[in-house]
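Pasting structure-v5.txt here (compact mmCIF, C-alpha atoms):
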```
# COMPACT_ATOMS: atom_id res chain seq x y z
CA ILE A 1 9.73 1.83 6.50
CA ASN A 2 13.44 0.98 6.61
CA ARG A 3 13.97 3.80 9.15
CA SER A 4 11.48 2.21 11.55
CA SER A 5 12.35 -0.32 14.23
CA SER A 6 11.39 -3.94 13.63
CA LYS A 7 8.68 -3.54 16.29
CA THR A 8 7.10 -0.65 14.37
CA GLN A 9 7.35 -2.61 11.12
CA SER A 10 5.62 -5.54 12.82
CA ALA A 11 2.74 -3.27 13.87
CA MET A 12 2.41 -1.92 10.33
CA LEU A 13 2.32 -5.43 8.89
CA GLU A 14 -0.28 -6.51 11.45
CA ALA A 15 -2.47 -3.61 10.31
CA MET A 16 -2.05 -4.62 6.66
CA GLN A 17 -2.65 -8.34 7.09
CA GLU A 18 -4.85 -8.73 10.17
CA ARG A 19 -6.63 -5.37 9.86
CA GLN A 20 -6.06 -4.73 13.53
CA ILE A 21 -3.52 -3.25 15.95
CA SER A 22 -2.44 -4.66 19.31
CA ILE A 23 -1.67 -2.48 22.31
CA GLY A 24 -0.85 -3.98 25.70
CA GLY A 25 -2.18 -7.38 24.69
CA LYS A 26 -5.52 -5.96 23.56
CA ASN A 27 -6.61 -6.05 19.91
CA TYR A 28 -8.31 -3.10 18.20
CA LYS A 29 -10.00 -3.65 14.84
CA LEU A 30 -9.28 -1.06 12.17
CA PRO A 31 -12.12 0.63 10.27
CA ASP A 32 -13.34 -0.90 7.00
CA VAL A 33 -11.60 1.71 4.87
CA PHE A 34 -7.93 2.32 5.50
CA ILE A 35 -4.74 2.35 3.46
CA VAL A 36 -1.10 1.85 4.34
CA ILE A 37 1.31 4.15 2.52
CA ALA A 38 4.98 3.74 3.43
CA THR A 39 8.10 5.52 2.24
CA GLN A 40 11.47 3.83 1.91
CA ASN A 41 14.63 5.94 1.89
CA PRO A 42 17.29 4.38 -0.38
CA ILE A 43 20.12 6.51 1.06
CA GLU A 44 22.37 5.28 3.90
CA GLN A 45 21.12 1.74 4.44
CA GLU A 46 23.47 1.02 7.37
CA GLY A 47 21.58 0.53 10.62
CA THR A 48 18.18 0.35 8.92
CA TYR A 49 15.68 -2.51 9.08
CA LEU A 50 14.98 -3.73 5.57
CA LEU A 51 11.71 -5.57 5.02
CA SER A 52 11.95 -9.19 3.91
CA GLU A 53 10.67 -10.21 0.47
CA ALA A 54 7.55 -11.76 2.03
CA GLN A 55 6.77 -8.54 3.90
CA GLN A 56 7.30 -6.34 0.84
CA ASP A 57 4.97 -8.66 -1.07
CA ARG A 58 2.06 -7.39 1.04
CA PHE A 59 2.24 -3.99 -0.66
CA ILE A 60 0.13 -3.90 -3.82
CA ILE A 61 2.28 -1.34 -5.63
CA LYS A 62 5.76 0.10 -5.29
CA GLU A 63 6.48 3.39 -7.05
CA THR A 64 9.81 5.16 -7.26
CA LEU A 65 10.24 8.92 -7.01
CA LYS A 66 13.06 10.69 -8.82
CA TYR A 67 14.33 14.20 -8.27
CA PRO A 68 11.87 16.86 -9.49
CA THR A 69 12.55 18.86 -12.63
CA ALA A 70 13.57 22.52 -12.24
CA THR A 71 10.00 23.59 -13.12
CA GLU A 72 8.48 21.19 -10.60
CA GLU A 73 10.87 22.32 -7.88
CA LEU A 74 9.98 25.96 -8.56
CA GLU A 75 6.33 25.01 -8.12
CA VAL A 76 7.17 23.40 -4.75
CA LEU A 77 8.84 26.63 -3.59
CA ASN A 78 5.89 28.73 -4.75
CA ARG A 79 3.38 26.53 -2.96
CA ILE A 80 5.38 26.56 0.28
CA GLU A 81 5.72 30.33 0.06
CA LYS A 82 1.92 30.63 -0.32
CA ASN A 83 1.44 28.20 2.61
CA VAL A 84 -0.95 26.04 0.59
CA PHE A 85 -0.22 22.96 2.70
CA LYS A 86 -1.33 24.55 5.99
CA LYS A 87 -4.86 23.21 5.88
CA GLY A 88 -5.81 19.92 4.28
CA GLU A 89 -9.34 19.70 2.92
CA LYS A 90 -11.44 16.56 2.66
CA VAL A 91 -12.23 15.72 -0.95
CA ILE A 92 -14.19 12.47 -0.50
CA ASP A 93 -16.29 10.72 2.17
CA ILE A 94 -15.74 7.17 3.46
CA LYS A 95 -19.06 6.06 1.95
CA ASP A 96 -17.81 7.25 -1.45
CA VAL A 97 -14.59 5.24 -1.04
CA LYS A 98 -16.62 2.13 -0.15
CA TYR A 99 -18.84 2.71 -3.17
CA LEU A 100 -15.81 2.99 -5.49
CA GLN A 101 -14.25 -0.13 -3.97
CA GLU A 102 -17.42 -2.12 -4.65
CA LEU A 103 -17.75 -0.59 -8.11
CA SER A 104 -14.20 -1.59 -9.08
CA LYS A 105 -15.01 -5.22 -8.21
CA LYS A 106 -17.69 -5.14 -10.92
CA VAL A 107 -15.28 -4.08 -13.67
CA TYR A 108 -15.07 -6.85 -16.27
CA ILE A 109 -11.79 -8.69 -16.78
CA ASP A 110 -11.77 -11.25 -19.58
CA GLU A 111 -10.34 -14.74 -19.14
CA SER A 112 -7.71 -13.92 -21.76
CA ILE A 113 -6.49 -10.95 -19.67
CA LYS A 114 -6.26 -13.20 -16.59
CA LYS A 115 -4.17 -15.65 -18.62
CA TYR A 116 -2.00 -12.73 -19.78
CA ILE A 117 -1.42 -11.74 -16.13
CA ILE A 118 -0.53 -15.31 -15.18
CA SER A 119 1.87 -15.63 -18.11
CA ILE A 120 3.75 -12.52 -16.96
CA VAL A 121 3.96 -13.67 -13.34
CA TYR A 122 4.92 -17.20 -14.44
CA ALA A 123 7.71 -15.70 -16.56
CA THR A 124 9.23 -14.05 -13.48
CA ARG A 125 9.53 -17.50 -11.87
CA ASN A 126 10.79 -19.26 -14.99
CA ALA A 127 12.67 -16.44 -16.67
CA GLU A 128 15.23 -18.75 -18.29
CA LYS A 129 12.41 -20.14 -20.49
CA VAL A 130 11.22 -16.71 -21.60
CA ILE A 131 14.08 -14.20 -21.75
CA LYS A 132 17.75 -14.24 -22.63
CA SER A 133 20.07 -16.05 -20.23
CA GLU A 134 22.15 -12.84 -19.91
CA LEU A 135 19.22 -11.36 -17.97
CA SER A 136 17.49 -14.41 -16.46
CA LYS A 137 20.67 -15.26 -14.53
CA TYR A 138 20.15 -12.17 -12.36
CA ILE A 139 16.79 -13.33 -10.89
CA THR A 140 16.83 -15.09 -7.52
CA ASN A 141 13.07 -15.21 -6.87
CA GLY A 142 10.07 -14.50 -9.04
CA ALA A 143 6.73 -12.98 -8.09
CA SER A 144 4.18 -14.74 -5.90
CA THR A 145 0.46 -15.30 -6.46
CA ARG A 146 -0.10 -11.98 -4.68
CA ALA A 147 1.32 -10.35 -7.83
CA SER A 148 -1.42 -11.93 -9.96
CA ILE A 149 -4.10 -10.81 -7.49
CA SER A 150 -2.62 -7.29 -7.36
CA PHE A 151 -2.55 -7.10 -11.16
CA MET A 152 -6.23 -8.05 -11.34
CA GLU A 153 -7.45 -5.74 -8.59
CA ALA A 154 -5.31 -2.74 -9.56
CA SER A 155 -6.15 -3.08 -13.27
CA LYS A 156 -9.87 -2.98 -12.45
CA ALA A 157 -9.36 0.23 -10.46
CA LEU A 158 -7.24 1.71 -13.27
CA ALA A 159 -9.92 0.90 -15.83
CA LEU A 160 -12.50 2.62 -13.62
CA ILE A 161 -10.29 5.70 -13.25
CA ASN A 162 -10.07 5.84 -17.05
CA GLY A 163 -13.85 5.62 -17.40
CA ARG A 164 -14.01 2.02 -18.60
CA THR A 165 -16.03 -0.96 -17.36
CA TYR A 166 -13.45 -3.46 -18.65
CA VAL A 167 -9.72 -4.15 -18.32
CA THR A 168 -7.37 -4.00 -21.34
CA PRO A 169 -3.86 -5.43 -21.84
CA ASP A 170 -2.55 -1.85 -21.73
CA ASP A 171 -3.80 -1.56 -18.13
CA ILE A 172 -1.63 -4.55 -17.23
CA LYS A 173 1.40 -3.11 -19.05
CA MET A 174 0.95 0.25 -17.33
CA LEU A 175 0.96 -1.45 -13.90
CA SER A 176 3.85 -3.85 -14.57
CA TYR A 177 6.60 -1.81 -12.87
CA GLY A 178 4.50 -0.97 -9.82
CA ILE A 179 3.28 -4.53 -9.29
CA LEU A 180 6.54 -6.37 -10.00
CA ARG A 181 9.50 -4.16 -9.01
CA HIS A 182 9.34 -5.18 -5.32
CA ARG A 183 8.42 -8.80 -6.06
CA ILE A 184 11.29 -9.83 -8.33
CA THR A 185 14.41 -10.45 -6.25
CA LEU A 186 17.72 -9.83 -8.02
CA ASN A 187 21.05 -11.30 -6.93
CA PHE A 188 24.31 -9.56 -5.99
CA GLU A 189 25.60 -10.04 -9.52
CA ALA A 190 22.78 -7.80 -10.79
CA MET A 191 23.81 -5.13 -8.32
CA ALA A 192 27.45 -5.42 -9.39
CA ASP A 193 26.49 -5.17 -13.07
CA GLU A 194 24.05 -2.31 -12.33
CA VAL A 195 21.10 -4.20 -13.80
CA GLN A 196 17.77 -2.63 -12.85
CA VAL A 197 14.67 -4.70 -12.13
CA GLU A 198 12.75 -2.57 -14.66
CA THR A 199 15.07 -3.90 -17.41
CA ILE A 200 14.06 -7.45 -16.47
CA ILE A 201 10.36 -6.50 -16.43
CA ASP A 202 10.64 -4.88 -19.89
CA GLU A 203 12.30 -8.01 -21.28
CA ILE A 204 9.57 -10.23 -19.84
```

In structure tokens, how does this file's structure come out?
Amino acid sequence: INRSSSKTQSAMLEAMQERQISIGGKNYKLPDVFIVIATQNPIEQEGTYLLSEAQQDRFIIKETLKYPTATEELEVLNRIEKNVFKKGEKVIDIKDVKYLQELSKKVYIDESIKKYIISIVYATRNAEKVIKSELSKYITNGASTRASISFMEASKALALINGRTYVTPDDIKMLSYGILRHRITLNFEAMADEVQVETIIDEI
């Protein structure tokens, strides 16, 4: 996403928020089921178009990918050699996706879990009241209400994936990096001291 022009980024964000695309002044509604997956290259930032905090906030989850292990990289080479990526095969129908989306909404989340979510998100905004000042000083902005909504919706889906009809605190903990790492803004001092956002999340 940071290799795209601002015009392309704008189109992507329109799709995410308005569920439509605009071409030549005409609007085209997107289908009911769609997902935006974007990659962000952390190398050579000069000349790239970084998304603002508000734009990044629209993504439910942000995951980071590290270099593969030697075993994993060998598997990549073997799969490429066997040409396994030549033909993609459909594994699920749109009606099944819609069914799973509706099913995840029915997963039970207790009031105490909702309060747990809110306490975590609140702590990102008022870190000086919750964690040591040595770490809270690095936070410029905490997470928005979208973080709370993302926690709730993603935890329901995670519970469903794990064969449960209810959300547990462990679901929230498991999602904490993905939900918060792009929503907590750290200052330049954090960069200078090589403080990672995950360290702040763990402390919270």

Checklist entry - Near region 19-36 of chain A, within 12 Å and counting all atoms listed in the file, which residues show up once chain neighbours fewer than 5 positions away are dropped, as a ChimeraX atom specification? => result /A:1,7-14,58-62,93-102

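In this model, the gap between CA of Leu135 (chain A) and CA of Thr199 (chain A) comes to 8.6 Å.
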
Checklist entry - Within 6 Å of region 183-186 of chain A, counting only C-alpha atoms, which residues qualify if same-chain residues fewer than 4 places away don't, as a list in words? => result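 The filter keeps Tyr138, Ile139, Thr140, Asn141, Gly142 and Ala143 of chain A.
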
Item to check | Exercise: region 44-51 of chain A partners within 10 Å, only C-alpha atoms, chain neighbours under 4 positions left out, as a VMD selection string | outcome: chain A and resid 1 to 6 9 to 10 40 55 to 57

Next on the checklist: Let me make sure I understand: among A:Asn83, A:Gln17, A:Ser104, A:Ser148, which one has the smallest atom-to-atom distance to Thr124 (chain A) if we use all atoms listed in the file?
Outcome noted: A:Ser148

Checklist entry - Could you state the separation of CA of Ile117 (chain A) and CA of Asp170 (chain A) in Å, given to one decimal place? => result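 Between these atoms lies a distance of 11.4 Å.
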
Checklist outcome for this item: Ser136 (chain A) proximity check over A:Pro68, A:Ile172, A:Met16, A:Ile201, using all atoms listed in the file: winner is A:Ile201

Is it possible to dump region 32-103 of chain A as a CSV table (one decimal), in the first residue's frame, including just C-alpha atoms?
```csv
chain,number,residue,atom,x,y,z
A,32,ASP,CA,-21.7,-8.2,-0.6
A,33,VAL,CA,-18.7,-10.4,0.1
A,34,PHE,CA,-15.3,-8.9,-0.5
A,35,ILE,CA,-12.1,-8.4,1.4
A,36,VAL,CA,-9.2,-6.0,1.2
A,37,ILE,CA,-5.8,-7.4,1.8
A,38,ALA,CA,-2.9,-5.0,1.4
A,39,THR,CA,0.9,-5.5,1.8
A,40,GLN,CA,3.2,-2.9,3.1
A,41,ASN,CA,6.9,-3.0,2.3
A,42,PRO,CA,9.0,-1.7,5.2
A,43,ILE,CA,12.2,-1.3,3.1
A,44,GLU,CA,13.1,1.9,1.4
A,45,GLN,CA,10.4,4.3,2.6
A,46,GLU,CA,11.7,7.3,0.6
A,47,GLY,CA,9.2,8.3,-2.1
A,48,THR,CA,6.4,6.1,-0.8
A,49,TYR,CA,3.0,7.2,0.3
A,50,LEU,CA,2.4,6.2,3.9
A,51,LEU,CA,-1.1,5.8,5.1
A,52,SER,CA,-2.3,8.2,7.8
A,53,GLU,CA,-3.3,6.8,11.2
A,54,ALA,CA,-7.0,7.3,10.4
A,55,GLN,CA,-6.6,5.3,7.2
A,56,GLN,CA,-4.7,2.5,8.8
A,57,ASP,CA,-7.4,2.3,11.4
A,58,ARG,CA,-9.8,1.0,8.8
A,59,PHE,CA,-7.9,-2.3,8.6
A,60,ILE,CA,-9.2,-4.8,11.1
A,61,ILE,CA,-5.9,-6.6,11.6
A,62,LYS,CA,-2.2,-6.0,10.8
A,63,GLU,CA,0.1,-8.9,10.8
A,64,THR,CA,3.9,-8.9,10.3
A,65,LEU,CA,5.8,-11.4,8.3
A,66,LYS,CA,9.4,-12.3,9.2
A,67,TYR,CA,11.9,-14.2,7.1
A,68,PRO,CA,11.1,-17.9,6.7
A,69,THR,CA,13.1,-20.5,8.4
A,70,ALA,CA,15.5,-22.7,6.4
A,71,THR,CA,12.9,-25.5,6.4
A,72,GLU,CA,10.1,-23.2,5.3
A,73,GLU,CA,12.2,-21.7,2.5
A,74,LEU,CA,13.1,-25.2,1.3
A,75,GLU,CA,9.4,-25.9,1.1
A,76,VAL,CA,8.9,-22.8,-1.0
A,77,LEU,CA,11.5,-23.9,-3.5
A,78,ASN,CA,10.0,-27.4,-3.7
A,79,ARG,CA,6.5,-26.0,-4.3
A,80,ILE,CA,7.8,-23.6,-7.0
A,81,GLU,CA,9.7,-26.5,-8.7
A,82,LYS,CA,6.5,-28.6,-8.7
A,83,ASN,CA,4.6,-25.6,-10.1
A,84,VAL,CA,1.9,-26.0,-7.5
A,85,PHE,CA,0.8,-22.3,-7.7
A,86,LYS,CA,0.0,-22.5,-11.4
A,87,LYS,CA,-3.7,-23.2,-10.9
A,88,GLY,CA,-5.7,-21.9,-8.0
A,89,GLU,CA,-8.7,-23.9,-6.9
A,90,LYS,CA,-11.8,-22.6,-5.3
A,91,VAL,CA,-12.3,-24.0,-1.8
A,92,ILE,CA,-15.5,-22.2,-0.7
A,93,ASP,CA,-18.6,-20.6,-2.3
A,94,ILE,CA,-19.8,-17.1,-1.7
A,95,LYS,CA,-23.0,-18.4,0.0
A,96,ASP,CA,-20.8,-20.4,2.4
A,97,VAL,CA,-18.8,-17.2,3.3
A,98,LYS,CA,-22.1,-15.3,3.9
A,99,TYR,CA,-23.3,-18.2,6.1
A,100,LEU,CA,-20.1,-18.1,8.2
A,101,GLN,CA,-20.3,-14.3,8.5
A,102,GLU,CA,-23.9,-14.6,9.8
A,103,LEU,CA,-22.9,-17.5,12.1
```
